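Beneath this line is the structure, given in structure tokens, with notes to follow.
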Amino acid sequence: MAAIGAIRKHGVLLLVIIGLALLAFILGDLSNVTRTFSNKYVMAKIDGKKMDQQYSKEYEENTALMKLLQKKTSFEDNEMYQIHEMTWQQMLQDKALDKELAKLGMTYTSQMIEDYKENMVASLSTQQPNQYIAQFANALAELYGPENAMSIISNIETLANNDQTKDIYNAYQALVRFAISAEKSQQYFALAQGSIYFSDPLAKKLAKDNNTAMVSLMTVNPEMTAFQNLKAEVSESEVKDFYKTHKNELFDVKTRNRDINVAIFPINPTTADLKAIEDSVRKDFTAFTQAASIAEYNVSKGNANVVDSTYYKESDITMQELDSLIFKSSVGSYIEPFTYENVKWYFGKVFGVANRPDSVMVATIELPFKTAQYKEAPYSKKEARLLADSLRQVITSGTSIFSLQPNYLYGREQGDTTFWMPERGTMPELYNNLLTTPNGGIYVYKAPNGYIVFQVLDRTQLIEKRQFVLYDYDITASDATINALRSQANQFAASISNNEELLANAAKQGIQVVNGQNVTSMSANIGQLPNCREIVSWSFGDDVKKDAISDVFNINRMFFAVASVAQVRETGIQKYKDVKDEIKTMLERQNKVALVAEQLNKDLASGGMQALAQKYSVAMNDSVVLSFAGDYYMNRGVDSKAIGQIFGLQKNKPTAVSGNNVAYVVNVQETREGQASPNLMMEKNYLQSAVLGRERNENTLLGYLINEMNVLDNRVRFYQK
């Protein structure tokens with residue numbers, strides 16, 4: 001909140017800072033993140049309404065917000081996936097809440113939303129600002145300084161149609177949606193909580209059933225070597241019966257997904273490649289040391305760019321050990337070739353040194369002139385220039401700049417006109433001119449949208465800074481190596497025709513295969529394999545079926561890949577033939593757990609729990625408290641299937657019972673019947689908490705409301721042309 005307290009209005013400097021010093025951040029590469037949607041396909045529908053345009057807009061806004069908050073200009077595929085999912089879930093939640101609130105006669109009109117925005121901004125001047133706008137303001141303050149952040153927020157609507165500032169406006173729009181969505185959720189669940197009534201008989205039943213038991217407990221894994229000869233049989237009829245009973249509960253796919261197997265061919269440089277790269281680096285370094293100048297070397301390498309004139313202090317150098325190489329070497333010395341994290345080779349030269357202040361304190365008068373974006377400015381360009389020249393002469397003659405500033409505030413405050421300007425983040429030309437201006441001197445700068453009259457007031461103490469040039473070389477596989485790997489991948493793809501053959505042939509040839517299960521259409525990763533957007537899009541193609549084999553993919557020049565579709569799951573109840581193997585495996589495991597429990601009970605007949613623990617090398621826990629109404633976490637990981645059996649056991653008679661995935665050996669030492677609290681308050685509070693009181697339960701209810709809507713999620717069209 002410290003940054004919020006320092007925020008003040010600012011004027012013409014706003015676009016100097018936004019438009020020039022941090023233009024790269026603002027523009028980013030959003031054009032590479034977003035895509036033009038094809039009108040040929042429907043990407044998303046909610047209750048029959050096409051949502052393509054709204055989804056595109058909200059995704060773009062959310063991307064801008066995440067860039068601002070995370071101080072990034074672009075995202076990896078997996079980060080983009082997270083933004084997609086956040087956008088989609090928020091959209092579904094909003095539509096579900098809007099639908100339910102409308103039933104209660106509550107709607108959010110456009111005027112209500114505008115009023116909400118105004119109240120959010122106004123809250124920044126209070127002791128308890130809205131948490132969403134406060135986070136936004138702090139992010140802006142970190143980037144542009146606290147003096148400019150409020151000016152951005154106060155003039156946010158003017159940024160909507162400016163290409164240089166549209167990302168900030170989009171981030172603000174996303175922020176507003178998040179805030180209003182939270183407001184809707186709070187209102188709905190407040191109403192829901194107030195409308196729920198828990199009867200006394202229900203609370204009494206909970207109290208009566210909520211017995212507790214003190215037990216000794218062992219957990220036994222059925223996959224232990226000791227049980228490898230126990231074979232569980234499952235009949236076809238058992239599998240079919242399970243499917244009929246549980247298909248609506250367990251096999252109703254809400255989000256279409258795929259199981260994908262990917263054979264990968266990593267693109268790594270060979271030993272010969274590494275030697276060739278090093279030889280090339282050292283050859284260029286020799287040429288660099290023999291060149292008459294850095295500029296001459298650049299020209300000889302076809303790089304006529306002007307040498308970086310920036311001065312750096314030691315703490316500006318973030319590459320480990322490079323800071324000492326630069327600052328402990330004499331000016332004019334060369335930086336010998338070195339590798340960094342086996343990713344790049346570097347060499348360079350230290351060519352300049354100066355003692356410079358790290359920031360300059362200035363007082364300013366801003367004179368905005370009319371432009372296409374700022375037609376409301378008070379001056380024409382000529383008028384602003386003449387006025388700037390006049391003010392320079394007046395101040396130079398002895399008039400205090402502070403006495404003149406009140407006439408040129410244009411809604412700002414007097415304190416906004418004096419600040420420290422750091423070298424890092426300020427344009428070199430402007431900063432160098434301020435350095436050559438003596439304390440008390442005047443410098444007039446022409447910005448794209450106005451003139452700024454600077455008076456230099458003070459500067460920080462001198463600190464040693466250096467100039468250097470650094471050349472880098474990627475450590476990558478050669479074209480010959482890449483072509484050989486591509487040929488290998490193509491031959492592999494040609495040798496297989498289905499998923500089973502991909503797995504078998506890869507195993508024979510020692511090719512690594514990555515398995516991805518339940519991969520959704522907007523995923524970026526397949527299992528632990530990152531940035532696989534192309535493969536995922538292919539797998540959801542209209543003509544791609546189970547057992548399809550892909551062409552060879554080149555994934556970010558990191559590896560070649562050949563993929564197969566192991567399973568296709570569309571929305572709705574899965575067909576029996578597609579899940580029978582899964583059901584059989586699950587039932588076999590459950591039946592094996594039962595067989596293990598039988599074996600353990602036989603062992604108990606000839607020895608106690610301690611002997612059993614020693615035989616199977618498992619830990620026995622004493623004085624474990626279990627609760628009949630408790631959840632999995634309260635009950636030390638004992639699942640509900642086993643809990644139901646445990647509370648029916650005799651005291652002091654060790655018994656093995658089967659859970660869903662493991663067996664438990666239990667000796668019930670003591671049980672206590674549940675006792676009702678006065679006025680059943682504890683029981684009713686428990687019921688309230690179980691239904692609505694925790695976030696995960698609110699999410700469960702939201703999930704139910706979303707499932708009640710008619711949703712078409714075909715967002716893979718976002719990536720497909």
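Chain labels follow the order of the structure tokens: the first chain is A, the next B, and so on; residue numbering restarts at 1 in every chain, and ligands are counted from 1 in their shown order.
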**Study point:** Contacts of region 224-227 of chain A at 9 Å (only C-alpha atoms; same-chain gap of 3+ positions) as JSON, numbers by chain
**Key:** {"A": [220, 221, 230, 231, 592, 596, 599, 616]}
Selection file, C-alpha atoms, as a CSV table (one decimal), in the first residue's frame:
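Wrote it out as result.csv, contents follow:
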```
chain,number,residue,atom,x,y,z
A,220,VAL,CA,-0.8,-52.5,3.5
A,221,ASN,CA,-0.1,-52.0,-0.2
A,230,LEU,CA,-2.5,-63.3,-5.6
A,231,LYS,CA,-4.4,-63.0,-8.8
A,592,LYS,CA,-6.9,-58.0,-5.2
A,596,VAL,CA,-4.9,-59.3,0.5
A,599,GLN,CA,-4.6,-63.3,3.6
A,616,TYR,CA,5.4,-57.4,5.9
```
Check your understanding: If you run DSSP on this backbone, which residues of region 450-552 of chain A come out as alpha helix (DSSP H), and could you give them as a ChimeraX atom specification?
Key -> /A:479-494,499-509,533-539
Output N, CA, C and O atoms for every residue in that selection, as a compact mmCIF listing (two decimals), in the first residue's frame.
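What ended up in part12.txt:
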```
# COMPACT_ATOMS: atom_id res chain seq x y z
N ASP A 479 23.10 -28.16 -39.01
CA ASP A 479 22.07 -28.53 -39.99
C ASP A 479 22.18 -30.01 -40.34
O ASP A 479 21.16 -30.70 -40.52
N ALA A 480 23.43 -30.53 -40.44
CA ALA A 480 23.62 -31.94 -40.77
C ALA A 480 23.03 -32.84 -39.68
O ALA A 480 22.37 -33.85 -39.97
N THR A 481 23.26 -32.46 -38.43
CA THR A 481 22.71 -33.24 -37.31
C THR A 481 21.19 -33.19 -37.32
O THR A 481 20.51 -34.21 -37.13
N ILE A 482 20.64 -32.00 -37.54
CA ILE A 482 19.19 -31.84 -37.56
C ILE A 482 18.58 -32.65 -38.69
O ILE A 482 17.55 -33.33 -38.51
N ASN A 483 19.20 -32.63 -39.87
CA ASN A 483 18.68 -33.39 -41.00
C ASN A 483 18.71 -34.89 -40.73
O ASN A 483 17.78 -35.62 -41.11
N ALA A 484 19.76 -35.35 -40.07
CA ALA A 484 19.86 -36.78 -39.74
C ALA A 484 18.76 -37.20 -38.77
O ALA A 484 18.14 -38.27 -38.91
N LEU A 485 18.50 -36.37 -37.77
CA LEU A 485 17.44 -36.67 -36.80
C LEU A 485 16.07 -36.62 -37.45
O LEU A 485 15.19 -37.45 -37.16
N ARG A 486 15.87 -35.65 -38.35
CA ARG A 486 14.59 -35.56 -39.06
C ARG A 486 14.36 -36.81 -39.90
O ARG A 486 13.25 -37.37 -39.93
N SER A 487 15.41 -37.27 -40.56
CA SER A 487 15.30 -38.48 -41.37
C SER A 487 14.97 -39.69 -40.49
O SER A 487 14.12 -40.53 -40.85
N GLN A 488 15.60 -39.77 -39.34
CA GLN A 488 15.31 -40.88 -38.41
C GLN A 488 13.85 -40.85 -37.97
O GLN A 488 13.18 -41.89 -37.92
N ALA A 489 13.34 -39.65 -37.64
CA ALA A 489 11.95 -39.51 -37.21
C ALA A 489 10.99 -39.87 -38.34
O ALA A 489 9.96 -40.53 -38.12
N ASN A 490 11.30 -39.45 -39.56
CA ASN A 490 10.44 -39.77 -40.71
C ASN A 490 10.40 -41.27 -40.96
O ASN A 490 9.34 -41.83 -41.26
N GLN A 491 11.54 -41.91 -40.85
CA GLN A 491 11.58 -43.37 -41.05
C GLN A 491 10.76 -44.08 -39.98
O GLN A 491 10.05 -45.05 -40.26
N PHE A 492 10.86 -43.58 -38.75
CA PHE A 492 10.08 -44.18 -37.66
C PHE A 492 8.58 -44.01 -37.93
O PHE A 492 7.80 -44.97 -37.78
N ALA A 493 8.16 -42.81 -38.34
CA ALA A 493 6.74 -42.56 -38.60
C ALA A 493 6.22 -43.45 -39.72
O ALA A 493 5.08 -43.93 -39.67
N ALA A 494 7.06 -43.67 -40.73
CA ALA A 494 6.64 -44.50 -41.86
C ALA A 494 6.52 -45.97 -41.50
O ALA A 494 5.82 -46.74 -42.18
N ASN A 499 -1.19 -46.92 -32.61
CA ASN A 499 -0.58 -46.60 -31.31
C ASN A 499 0.24 -47.76 -30.76
O ASN A 499 1.33 -47.57 -30.22
N GLU A 500 -0.28 -48.97 -30.90
CA GLU A 500 0.44 -50.14 -30.36
C GLU A 500 1.80 -50.29 -31.04
O GLU A 500 2.80 -50.59 -30.39
N GLU A 501 1.85 -50.07 -32.35
CA GLU A 501 3.11 -50.19 -33.08
C GLU A 501 4.08 -49.08 -32.68
O GLU A 501 5.30 -49.29 -32.62
N LEU A 502 3.56 -47.88 -32.41
CA LEU A 502 4.44 -46.80 -31.96
C LEU A 502 5.15 -47.20 -30.67
O LEU A 502 6.37 -47.05 -30.53
N LEU A 503 4.39 -47.74 -29.71
CA LEU A 503 4.97 -48.13 -28.43
C LEU A 503 5.96 -49.28 -28.60
O LEU A 503 7.06 -49.26 -28.02
N ALA A 504 5.59 -50.28 -29.42
CA ALA A 504 6.44 -51.45 -29.58
C ALA A 504 7.73 -51.10 -30.33
O ALA A 504 8.83 -51.49 -29.91
N ASN A 505 7.63 -50.38 -31.43
CA ASN A 505 8.82 -50.05 -32.22
C ASN A 505 9.75 -49.11 -31.47
O ASN A 505 10.98 -49.20 -31.57
N ALA A 506 9.17 -48.16 -30.71
CA ALA A 506 10.00 -47.25 -29.92
C ALA A 506 10.78 -48.02 -28.87
O ALA A 506 11.97 -47.75 -28.63
N ALA A 507 10.14 -49.02 -28.24
CA ALA A 507 10.83 -49.83 -27.23
C ALA A 507 11.98 -50.61 -27.86
O ALA A 507 13.07 -50.70 -27.28
N LYS A 508 11.76 -51.15 -29.06
CA LYS A 508 12.82 -51.92 -29.74
C LYS A 508 14.01 -51.03 -30.09
O LYS A 508 15.16 -51.46 -30.00
N GLN A 509 13.74 -49.79 -30.52
CA GLN A 509 14.80 -48.91 -31.00
C GLN A 509 15.38 -48.01 -29.90
O GLN A 509 16.27 -47.20 -30.17
N ARG A 533 1.86 -27.52 -28.33
CA ARG A 533 0.59 -27.01 -28.83
C ARG A 533 0.24 -27.59 -30.21
O ARG A 533 -0.91 -27.93 -30.48
N GLU A 534 1.24 -27.72 -31.09
CA GLU A 534 0.98 -28.24 -32.44
C GLU A 534 0.45 -29.67 -32.40
O GLU A 534 -0.47 -30.03 -33.14
N ILE A 535 1.04 -30.49 -31.54
CA ILE A 535 0.61 -31.89 -31.45
C ILE A 535 -0.81 -31.98 -30.91
O ILE A 535 -1.64 -32.75 -31.41
N VAL A 536 -1.11 -31.19 -29.88
CA VAL A 536 -2.45 -31.21 -29.30
C VAL A 536 -3.48 -30.77 -30.34
O VAL A 536 -4.53 -31.40 -30.49
N SER A 537 -3.20 -29.70 -31.06
CA SER A 537 -4.14 -29.23 -32.09
C SER A 537 -4.37 -30.31 -33.14
O SER A 537 -5.50 -30.54 -33.58
N TRP A 538 -3.29 -30.99 -33.55
CA TRP A 538 -3.44 -32.08 -34.53
C TRP A 538 -4.36 -33.16 -33.99
O TRP A 538 -5.25 -33.65 -34.70
N SER A 539 -4.17 -33.55 -32.73
CA SER A 539 -4.94 -34.67 -32.17
C SER A 539 -6.43 -34.38 -32.09
O SER A 539 -7.23 -35.31 -32.03
```
Check your understanding: Just how far from CA of Pro266 (chain A) is CA of Pro337 (chain A), in Å to one decimal?
Key -> 26.9 Å
Could I get the residues of region 306-421 of chain A with an atom no further than 10 Å from an atom of region 438-456 of chain A, each paired with its nearest atom pair and that distance in Å to one decimal, using only C-alpha atoms, sorted by chain and residue number, as a Markdown table?
```
| residue | atom | partner | partner_atom | distance |
| --- | --- | --- | --- | --- |
| A:Val360 | CA | A:Val456 | CA | 7.1 |
| A:Met361 | CA | A:Val456 | CA | 6.1 |
| A:Val362 | CA | A:Val456 | CA | 4.6 |
| A:Ala363 | CA | A:Gln455 | CA | 5.2 |
| A:Thr364 | CA | A:Phe454 | CA | 4.8 |
| A:Ile365 | CA | A:Val453 | CA | 5.1 |
| A:Glu366 | CA | A:Ile452 | CA | 4.7 |
| A:Leu367 | CA | A:Tyr451 | CA | 5.1 |
| A:Pro368 | CA | A:Gly450 | CA | 4.0 |
| A:Phe369 | CA | A:Gly450 | CA | 5.0 |
| A:Lys370 | CA | A:Asn449 | CA | 7.2 |
| A:Thr371 | CA | A:Asn449 | CA | 6.5 |
| A:Ala372 | CA | A:Asn449 | CA | 9.5 |
| A:Gln373 | CA | A:Asn449 | CA | 8.9 |
| A:Tyr374 | CA | A:Asn449 | CA | 7.8 |
| A:Ala377 | CA | A:Asn449 | CA | 9.0 |
| A:Tyr379 | CA | A:Gly450 | CA | 8.9 |
| A:Ser380 | CA | A:Gly450 | CA | 9.3 |
| A:Lys381 | CA | A:Gly450 | CA | 7.4 |
| A:Ala384 | CA | A:Tyr451 | CA | 6.6 |
| A:Arg385 | CA | A:Tyr451 | CA | 6.8 |
| A:Leu386 | CA | A:Tyr451 | CA | 9.9 |
| A:Leu387 | CA | A:Tyr451 | CA | 9.1 |
| A:Ala388 | CA | A:Val453 | CA | 6.5 |
| A:Asp389 | CA | A:Val444 | CA | 7.9 |
| A:Leu391 | CA | A:Val453 | CA | 7.8 |
| A:Arg392 | CA | A:Ile442 | CA | 6.4 |
| A:Gln393 | CA | A:Ile442 | CA | 9.0 |
| A:Ile395 | CA | A:Ile442 | CA | 7.7 |
| A:Thr396 | CA | A:Ile442 | CA | 7.1 |
| A:Gly398 | CA | A:Gly440 | CA | 9.9 |
| A:Ser400 | CA | A:Gln455 | CA | 9.9 |
| A:Ile401 | CA | A:Gln455 | CA | 7.6 |
| A:Thr417 | CA | A:Phe454 | CA | 9.7 |
| A:Thr418 | CA | A:Gln455 | CA | 9.4 |
| A:Trp420 | CA | A:Val456 | CA | 9.9 |
```
